[in-house]
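Visitor: My questions all concern the structure below.
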Amino acid sequence: MDRPLHAVRTRLDDFLAELATLQYRHGAGLARELPIASLHASFPELSAPDTFVAASEALAKARAKNDVLAARRIQLVRELVATQVEEALAARAAQAMATVEANAVLNVDDESFNFTGAMGRLPHEPNRARRAGLERAVGNYLWEHRSPYGDRREAALLTAERLGAQDYPSLREDVTGIAYAKLAEAAEQTLKRTEDAYRDVFAYVLRKTDPQLRPLPGGDARRHDVQAALQAPWLDEHFRREDAWPAVRQWMGEWGFTPNAGGRIHLDEEDRPGKSPRPFVVTIRVPDDIRLVLQPRGGLDAVGSLLHELGHAHHRAHVSEDLPMELRRLGDAAVTEAHAAVFERLLLSSDWLKRYLGLATMLARDTARMAAFQSLSVLRRHCAKLSYELSLCRKGPSTERADEYADGQRRALFAEPHPGFYLYDVDPQLYVAHYLRAWALEARLTTRLTERFNEDFWRNPNAATWLKGLYARGGTDDAEGLATEVSGTPLALPEAGERLVAILNR
């Protein structure tokens with residue numbers, strides 16, 4: 001590896017550990033601020049355009065020599081450097097966004113909320129008028145304070161200019177290898193093929209929460225109604241907070257996973273103010289120090305989130321220690337998201353629900369269908385987000401984008417969104433594309449697990465061993481290559497949607 005990249009490599013692990021520590025402390029409610037700018041100042045070579053140029057030159061040399069391993073390592077570092085150039089340019093905006101959210105005081109009727117509290121309460125508020133007030137308060141606040149969010153999006157455009165790309169999507173396509181136009185076409189096909197099933201089941205779940213509610217265009221459902229319906233509150237008594245973790249621990253033990261991966265996964269379950277309402281994973285050191293942050297809560301969605309983050313944690317905790325640092329630390333984000341989705345999609349199995357959560361046969365079937373609807377809703381929302389975010393990255397964060405965002409979400413969800421979320425509901429580095437590819441890959445992985453280890457692969461220790469073998473490879477694989485390896489066929493996003501529709505139609 002060329003000398004400038006060797007210098008980056010010697011400090012990369014420490015940089016990522018410090019970055020993850022900051023993210024952990026902020027998300028866990030241990031620190032109000034997120035001082036990313038000072039971190040970049042301490043590691044200037046990682047966000048220098050000259051480093052990106054050096055990586056580009058080294059990658060071309062490795063490819064000319066047909067040195068596949070060296071090219072993969074350099075490719076991953078090059079992608080990281082492009083990301084860190086952007087993050088450095090966006091650091092002040094990111095800190096301003098964190099400050100805006102930390103200082104929010106949102107008044108709804110006779111109660112005041114901070115930002116995290118309002119976002120956490122919004123999907124779980126049973127009173128529709130009060131839920132609408134929460135959504136309005138958050139959406140209006142984000143609209144009034146949209147400037148730092150716009151600055152964050154402008155940083156992406158400036159990054160493309162600094163690194164000599166035609167535009168931002170072209171830059172990300174160059175460093176990731178993702179064909180965004182092809183993926184956007186697949187997302188559009190997925191929306192079309194799943195529209196009827198989604199709309200019909202959405203009408204059903206809306207009536208479960210409020211008999212008067214109907215989807216758009218004939219009804220007046222709003223995005224907050226979708227969020228509330230996805231919680232499936234009528235199932236809460238079967239997904240109590242105190243039951244979820246013991247059930248998951250039993251399943252993991254039977255399958256052949258130690259919940260804490262022999263001490264490599266550290267659980268943060270303490271309830272504290274400012275803590276993220278949803279679980280998340282940070283990788284301080286791979287594979288030895290993985291942090292899983294939980295805010296214990298009940299409900300079907302909570303169990304899904306727990307399974308998802310456990311998938312992330314175990315993927316990272318089982319990466320081989322013998323891999324080069326780049327392949328331990330970095331990789332195609334769609335691969336780790338797919339491994340997380342394999343865990344989460346266990347909720348689609350009525351047999352898994354019966355065995356580990358003790359649900360009766362009919363209830364388990366209905367719950368699996370509800371989990372499929374949850375997954376389909378998220379899939380459709382992200383299919384719409386991809387085309388919107390590609391437009392945002394080309395045209396910039398003007399207020400005209402708010403209408404474009406609302407149009408896309410309205411079409412995907414059959415519910416009216418609040419336009420104030422148009423800059424907030426955005427994934428950095430077009431991460432939305434990684435989610436879509438991950439869900440396509442999960443479908444391939446689950447099909448392979450089922451073919452090789454039967455429908456109940458989730459209690460066959462040989463299936464767990466097979467997965468651990470994939471985990472050990474770290475960043476060696478990309479999503480397209482792994483899909484072809486395990487199934488003989490490439491990724492196909494519409495098939496992931498059709499699989500969910502098939503469950504809904506049972």
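Ordering of the structure tokens sets the chain letters (A, B, ...); residue numbers start at 1 within each chain; ligands are numbered from 1 in the order shown.
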Per DSSP on the backbone, what are the alpha helix (DSSP H) residues of segment 22-110 of chain A, as a VMD selection string?
Guide: chain A and resid 22 to 27 36 to 42 49 to 64 68 to 89 91 to 102
Visitor: For Asn462 of chain A, find every residue with an atom within 9 Å (counting only C-alpha atoms), except residues of its own chain fewer than 6 positions away, and show them as a PyMOL selection string.
Guide: chain A and resi 255-256+453
Visitor: Pick the closest to His6 of chain A from A:Arg32, A:Arg73, A:Arg207, A:Arg316: which is it, counting only C-alpha atoms?
Guide: A:Arg73
Visitor: If we count only C-alpha atoms, what is near segment 265-282 of chain A at a cut-off of 7 Å, once residues fewer than 4 positions away on the same chain are taken out, given as a PDB file with N, CA and C atoms, in the first residue's frame?
Guide:
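Final output, part.pdb:
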```
ATOM      1  N   ALA A  20     -16.612   6.202  17.342  1.00  0.00           N
ATOM      2  CA  ALA A  20     -17.668   5.359  17.882  1.00  0.00           C
ATOM      3  C   ALA A  20     -17.946   5.686  19.344  1.00  0.00           C
ATOM      4  N   TYR A  24     -21.469   6.715  20.762  1.00  0.00           N
ATOM      5  CA  TYR A  24     -22.068   5.948  21.850  1.00  0.00           C
ATOM      6  C   TYR A  24     -22.508   6.867  22.983  1.00  0.00           C
ATOM      7  N   GLY A  27     -25.579   9.003  21.847  1.00  0.00           N
ATOM      8  CA  GLY A  27     -26.804   8.227  21.681  1.00  0.00           C
ATOM      9  C   GLY A  27     -27.285   7.583  22.960  1.00  0.00           C
ATOM     10  N   ALA A  28     -26.351   7.306  23.887  1.00  0.00           N
ATOM     11  CA  ALA A  28     -26.718   6.665  25.147  1.00  0.00           C
ATOM     12  C   ALA A  28     -27.158   7.664  26.207  1.00  0.00           C
ATOM     13  N   GLY A  29     -27.185   8.951  25.857  1.00  0.00           N
ATOM     14  CA  GLY A  29     -27.624   9.966  26.806  1.00  0.00           C
ATOM     15  C   GLY A  29     -26.565  10.356  27.825  1.00  0.00           C
ATOM     16  N   THR A 116     -35.870  14.256  21.814  1.00  0.00           N
ATOM     17  CA  THR A 116     -35.829  12.797  21.881  1.00  0.00           C
ATOM     18  C   THR A 116     -37.112  12.240  22.481  1.00  0.00           C
ATOM     19  N   GLY A 120     -39.714   9.795  20.559  1.00  0.00           N
ATOM     20  CA  GLY A 120     -39.980   8.488  21.129  1.00  0.00           C
ATOM     21  C   GLY A 120     -41.448   8.280  21.463  1.00  0.00           C
ATOM     22  N   ASN A 260     -23.903 -12.401  24.610  1.00  0.00           N
ATOM     23  CA  ASN A 260     -22.875 -11.347  24.662  1.00  0.00           C
ATOM     24  C   ASN A 260     -21.618 -11.737  23.899  1.00  0.00           C
ATOM     25  N   ALA A 261     -21.698 -12.803  23.093  1.00  0.00           N
ATOM     26  CA  ALA A 261     -20.575 -13.247  22.255  1.00  0.00           C
ATOM     27  C   ALA A 261     -19.296 -13.417  23.067  1.00  0.00           C
ATOM     28  N   ASP A 289     -14.885  -5.106  21.213  1.00  0.00           N
ATOM     29  CA  ASP A 289     -15.636  -4.141  22.027  1.00  0.00           C
ATOM     30  C   ASP A 289     -16.785  -3.587  21.206  1.00  0.00           C
ATOM     31  N   ILE A 290     -17.895  -4.303  21.245  1.00  0.00           N
ATOM     32  CA  ILE A 290     -19.111  -3.925  20.530  1.00  0.00           C
ATOM     33  C   ILE A 290     -20.131  -3.483  21.570  1.00  0.00           C
ATOM     34  N   ARG A 291     -20.717  -2.298  21.400  1.00  0.00           N
ATOM     35  CA  ARG A 291     -21.685  -1.773  22.361  1.00  0.00           C
ATOM     36  C   ARG A 291     -23.094  -1.863  21.779  1.00  0.00           C
ATOM     37  N   LEU A 292     -23.964  -2.522  22.525  1.00  0.00           N
ATOM     38  CA  LEU A 292     -25.377  -2.610  22.160  1.00  0.00           C
ATOM     39  C   LEU A 292     -26.162  -1.806  23.181  1.00  0.00           C
ATOM     40  N   VAL A 293     -26.756  -0.707  22.731  1.00  0.00           N
ATOM     41  CA  VAL A 293     -27.467   0.220  23.610  1.00  0.00           C
ATOM     42  C   VAL A 293     -28.961  -0.041  23.484  1.00  0.00           C
ATOM     43  N   LEU A 294     -29.598  -0.337  24.616  1.00  0.00           N
ATOM     44  CA  LEU A 294     -31.016  -0.672  24.634  1.00  0.00           C
ATOM     45  C   LEU A 294     -31.770   0.250  25.565  1.00  0.00           C
ATOM     46  N   GLN A 295     -32.973   0.595  25.184  1.00  0.00           N
ATOM     47  CA  GLN A 295     -33.927   1.265  26.065  1.00  0.00           C
ATOM     48  C   GLN A 295     -35.108   0.304  26.158  1.00  0.00           C
ATOM     49  N   PRO A 296     -35.090  -0.606  27.138  1.00  0.00           N
ATOM     50  CA  PRO A 296     -36.086  -1.683  27.152  1.00  0.00           C
ATOM     51  C   PRO A 296     -37.522  -1.169  27.034  1.00  0.00           C
ATOM     52  N   SER A 305     -36.724  -4.517  16.616  1.00  0.00           N
ATOM     53  CA  SER A 305     -35.538  -3.671  16.752  1.00  0.00           C
ATOM     54  C   SER A 305     -34.441  -4.374  17.536  1.00  0.00           C
ATOM     55  N   LEU A 306     -34.830  -5.085  18.600  1.00  0.00           N
ATOM     56  CA  LEU A 306     -33.856  -5.822  19.392  1.00  0.00           C
ATOM     57  C   LEU A 306     -33.171  -6.893  18.544  1.00  0.00           C
ATOM     58  N   GLU A 309     -30.686  -5.250  15.983  1.00  0.00           N
ATOM     59  CA  GLU A 309     -29.414  -4.770  16.532  1.00  0.00           C
ATOM     60  C   GLU A 309     -28.551  -5.921  17.043  1.00  0.00           C
ATOM     61  N   HIS A 312     -26.648  -7.035  14.052  1.00  0.00           N
ATOM     62  CA  HIS A 312     -25.479  -6.172  13.841  1.00  0.00           C
ATOM     63  C   HIS A 312     -24.356  -6.539  14.798  1.00  0.00           C
ATOM     64  N   ALA A 313     -24.702  -6.635  16.075  1.00  0.00           N
ATOM     65  CA  ALA A 313     -23.677  -6.849  17.100  1.00  0.00           C
ATOM     66  C   ALA A 313     -22.950  -8.171  16.883  1.00  0.00           C
ATOM     67  N   ALA A 317     -19.073  -8.878  16.128  1.00  0.00           N
ATOM     68  CA  ALA A 317     -18.340  -9.579  17.185  1.00  0.00           C
ATOM     69  C   ALA A 317     -17.721 -10.894  16.698  1.00  0.00           C
TER      70      ALA A 317
END
```
Visitor: Taking into account only C-alpha atoms, which residue in the set A:His308, A:His318, A:Arg448, A:Arg365 is nearest to Val286 of chain A?
Guide: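 Result for the nearest residue to Val286 of chain A: A:His318.
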Visitor: Of the residues A:Pro397, A:Ala492, A:His238, A:Glu79, which is the one nearest to Lys354 of chain A, using only C-alpha atoms?
Guide: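 When distances to Lys354 of chain A are compared using only C-alpha atoms, the smallest one comes from A:His238.
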Visitor: Within 10 Å of Pro246 of chain A, counting only C-alpha atoms, which residues qualify if same-chain residues fewer than 5 places away don't, as a PyMOL selection string?
Guide: chain A and resi 241+251-252+356-357
Visitor: Pick the closest to Gln374 of chain A from A:Ala31, A:Asp407, A:Leu300, A:Glu326: which is it, counting only C-alpha atoms?
Guide: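 Using only C-alpha atoms, Gln374 of chain A sits closest to A:Leu300.
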Visitor: Can you tell me which residues surround Leu491 of chain A at a distance of at most 12 Å, considering only C-alpha atoms, apart from same-chain residues fewer than 5 positions away, and format the answer as a list in words?
Guide: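 Everything that qualifies: Ile178, Lys182, Leu183, Ala186, Ala334, Val335, Ala338, Leu436, Arg437, Ala438, Trp439, Ala440, Leu441, Glu442, Ala443, Arg444, Leu445, Asp478, Ala479, Glu480, Gly481, Leu482, Ala483, Thr484, Glu485, Val486 and Ala496 of chain A.
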Visitor: Create the file for the chosen residues now, containing N, CA and C atoms and written as a PDB file, in the first residue's frame.
Guide:
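Written file, out06.pdb:
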```
ATOM      1  N   ILE A 178     -22.091   1.179  -6.320  1.00  0.00           N
ATOM      2  CA  ILE A 178     -23.544   1.021  -6.415  1.00  0.00           C
ATOM      3  C   ILE A 178     -24.062   1.757  -7.652  1.00  0.00           C
ATOM      4  N   LYS A 182     -29.883   2.091 -11.619  1.00  0.00           N
ATOM      5  CA  LYS A 182     -30.458   0.747 -11.679  1.00  0.00           C
ATOM      6  C   LYS A 182     -31.226   0.428 -10.401  1.00  0.00           C
ATOM      7  N   LEU A 183     -30.668   0.845  -9.260  1.00  0.00           N
ATOM      8  CA  LEU A 183     -31.346   0.586  -7.992  1.00  0.00           C
ATOM      9  C   LEU A 183     -32.633   1.393  -7.897  1.00  0.00           C
ATOM     10  N   ALA A 186     -35.246  -0.366  -9.782  1.00  0.00           N
ATOM     11  CA  ALA A 186     -35.743  -1.509  -9.018  1.00  0.00           C
ATOM     12  C   ALA A 186     -36.668  -1.058  -7.892  1.00  0.00           C
ATOM     13  N   ALA A 334     -24.304  -2.700   3.239  1.00  0.00           N
ATOM     14  CA  ALA A 334     -25.462  -3.549   2.939  1.00  0.00           C
ATOM     15  C   ALA A 334     -25.286  -4.955   3.496  1.00  0.00           C
ATOM     16  N   VAL A 335     -24.049  -5.411   3.629  1.00  0.00           N
ATOM     17  CA  VAL A 335     -23.818  -6.765   4.141  1.00  0.00           C
ATOM     18  C   VAL A 335     -24.186  -6.840   5.615  1.00  0.00           C
ATOM     19  N   ALA A 338     -27.833  -6.583   6.048  1.00  0.00           N
ATOM     20  CA  ALA A 338     -28.522  -7.823   5.673  1.00  0.00           C
ATOM     21  C   ALA A 338     -28.445  -8.846   6.802  1.00  0.00           C
ATOM     22  N   LEU A 436     -31.712  -0.750   1.000  1.00  0.00           N
ATOM     23  CA  LEU A 436     -32.448  -1.442  -0.050  1.00  0.00           C
ATOM     24  C   LEU A 436     -31.686  -2.672  -0.537  1.00  0.00           C
ATOM     25  N   ARG A 437     -30.393  -2.523  -0.736  1.00  0.00           N
ATOM     26  CA  ARG A 437     -29.587  -3.668  -1.172  1.00  0.00           C
ATOM     27  C   ARG A 437     -29.540  -4.730  -0.081  1.00  0.00           C
ATOM     28  N   ALA A 438     -29.515  -4.285   1.177  1.00  0.00           N
ATOM     29  CA  ALA A 438     -29.484  -5.229   2.294  1.00  0.00           C
ATOM     30  C   ALA A 438     -30.731  -6.083   2.321  1.00  0.00           C
ATOM     31  N   TRP A 439     -31.896  -5.481   2.097  1.00  0.00           N
ATOM     32  CA  TRP A 439     -33.133  -6.251   2.156  1.00  0.00           C
ATOM     33  C   TRP A 439     -33.218  -7.235   1.002  1.00  0.00           C
ATOM     34  N   ALA A 440     -32.650  -6.852  -0.142  1.00  0.00           N
ATOM     35  CA  ALA A 440     -32.578  -7.802  -1.249  1.00  0.00           C
ATOM     36  C   ALA A 440     -31.625  -8.950  -0.910  1.00  0.00           C
ATOM     37  N   LEU A 441     -30.507  -8.636  -0.244  1.00  0.00           N
ATOM     38  CA  LEU A 441     -29.552  -9.673   0.135  1.00  0.00           C
ATOM     39  C   LEU A 441     -30.123 -10.572   1.229  1.00  0.00           C
ATOM     40  N   GLU A 442     -30.826  -9.995   2.188  1.00  0.00           N
ATOM     41  CA  GLU A 442     -31.440 -10.811   3.248  1.00  0.00           C
ATOM     42  C   GLU A 442     -32.351 -11.866   2.661  1.00  0.00           C
ATOM     43  N   ALA A 443     -33.102 -11.515   1.640  1.00  0.00           N
ATOM     44  CA  ALA A 443     -33.992 -12.487   1.009  1.00  0.00           C
ATOM     45  C   ALA A 443     -33.195 -13.654   0.431  1.00  0.00           C
ATOM     46  N   ARG A 444     -32.036 -13.353  -0.146  1.00  0.00           N
ATOM     47  CA  ARG A 444     -31.187 -14.413  -0.691  1.00  0.00           C
ATOM     48  C   ARG A 444     -30.604 -15.281   0.440  1.00  0.00           C
ATOM     49  N   LEU A 445     -30.135 -14.627   1.511  1.00  0.00           N
ATOM     50  CA  LEU A 445     -29.543 -15.364   2.626  1.00  0.00           C
ATOM     51  C   LEU A 445     -30.569 -16.265   3.304  1.00  0.00           C
ATOM     52  N   ASP A 478     -18.884  -7.976  -0.862  1.00  0.00           N
ATOM     53  CA  ASP A 478     -19.885  -6.946  -1.137  1.00  0.00           C
ATOM     54  C   ASP A 478     -21.224  -7.639  -1.349  1.00  0.00           C
ATOM     55  N   ALA A 479     -22.309  -6.872  -1.284  1.00  0.00           N
ATOM     56  CA  ALA A 479     -23.641  -7.458  -1.297  1.00  0.00           C
ATOM     57  C   ALA A 479     -23.913  -8.227  -2.581  1.00  0.00           C
ATOM     58  N   GLU A 480     -23.504  -7.665  -3.724  1.00  0.00           N
ATOM     59  CA  GLU A 480     -23.787  -8.324  -4.998  1.00  0.00           C
ATOM     60  C   GLU A 480     -23.042  -9.653  -5.099  1.00  0.00           C
ATOM     61  N   GLY A 481     -21.753  -9.650  -4.705  1.00  0.00           N
ATOM     62  CA  GLY A 481     -20.968 -10.869  -4.779  1.00  0.00           C
ATOM     63  C   GLY A 481     -21.476 -11.937  -3.833  1.00  0.00           C
ATOM     64  N   LEU A 482     -21.869 -11.535  -2.623  1.00  0.00           N
ATOM     65  CA  LEU A 482     -22.367 -12.496  -1.649  1.00  0.00           C
ATOM     66  C   LEU A 482     -23.697 -13.086  -2.089  1.00  0.00           C
ATOM     67  N   ALA A 483     -24.570 -12.267  -2.662  1.00  0.00           N
ATOM     68  CA  ALA A 483     -25.851 -12.774  -3.159  1.00  0.00           C
ATOM     69  C   ALA A 483     -25.640 -13.829  -4.237  1.00  0.00           C
ATOM     70  N   THR A 484     -24.722 -13.570  -5.140  1.00  0.00           N
ATOM     71  CA  THR A 484     -24.444 -14.523  -6.217  1.00  0.00           C
ATOM     72  C   THR A 484     -23.817 -15.792  -5.664  1.00  0.00           C
ATOM     73  N   GLU A 485     -22.938 -15.641  -4.674  1.00  0.00           N
ATOM     74  CA  GLU A 485     -22.290 -16.817  -4.083  1.00  0.00           C
ATOM     75  C   GLU A 485     -23.302 -17.753  -3.418  1.00  0.00           C
ATOM     76  N   VAL A 486     -24.229 -17.199  -2.642  1.00  0.00           N
ATOM     77  CA  VAL A 486     -25.120 -18.062  -1.858  1.00  0.00           C
ATOM     78  C   VAL A 486     -26.336 -18.541  -2.648  1.00  0.00           C
ATOM     79  N   ALA A 496     -37.719  -9.092  -2.955  1.00  0.00           N
ATOM     80  CA  ALA A 496     -37.833  -8.914  -1.503  1.00  0.00           C
ATOM     81  C   ALA A 496     -39.214  -8.386  -1.139  1.00  0.00           C
TER      82      ALA A 496
END
```
Visitor: Would you mind telling me which residue in A:Ala244, A:Val138, A:Ala341, A:Val175 lies nearest to Gly420 of chain A when using only C-alpha atoms?
Guide: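 Under the stated criterion, the closest residue is A:Val138.
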Visitor: Can you tell me how far atom CA of Glu154 of chain A sits from atom CA of Gly396 of chain A, in Å to one decimal?
Guide: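 The value is 6.4 Å.
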Visitor: Pick out the residues sitting within 9 Å of Asp332 of chain A, and hand them over as a ChimeraX atom specification; count only C-alpha atoms, and ignore anything fewer than 5 positions along from it in its own chain.
Guide: /A:76,176,434,475-479
Visitor: Please identify the strand (DSSP E or B) residues within segment 178-405 of chain A (assignment by DSSP from backbone atoms) and present them as a ChimeraX atom specification.
Guide: /A:222,265-268,280-285,289-293
Visitor: Within 12 Å of Phe457 of chain A, counting only C-alpha atoms, which residues show up once you throw out same-chain ones fewer than 2 positions away? Write them as an MDAnalysis selection string, please.
Guide: chainID A and resid 251 254:256 342:343 346 349 351:352 445:455 459:467
Visitor: Please, what distance in Å, to one decimal, runs between atom CA of Gly488 of chain A and atom CA of Thr194 of chain A?
Guide: 24.9 Å
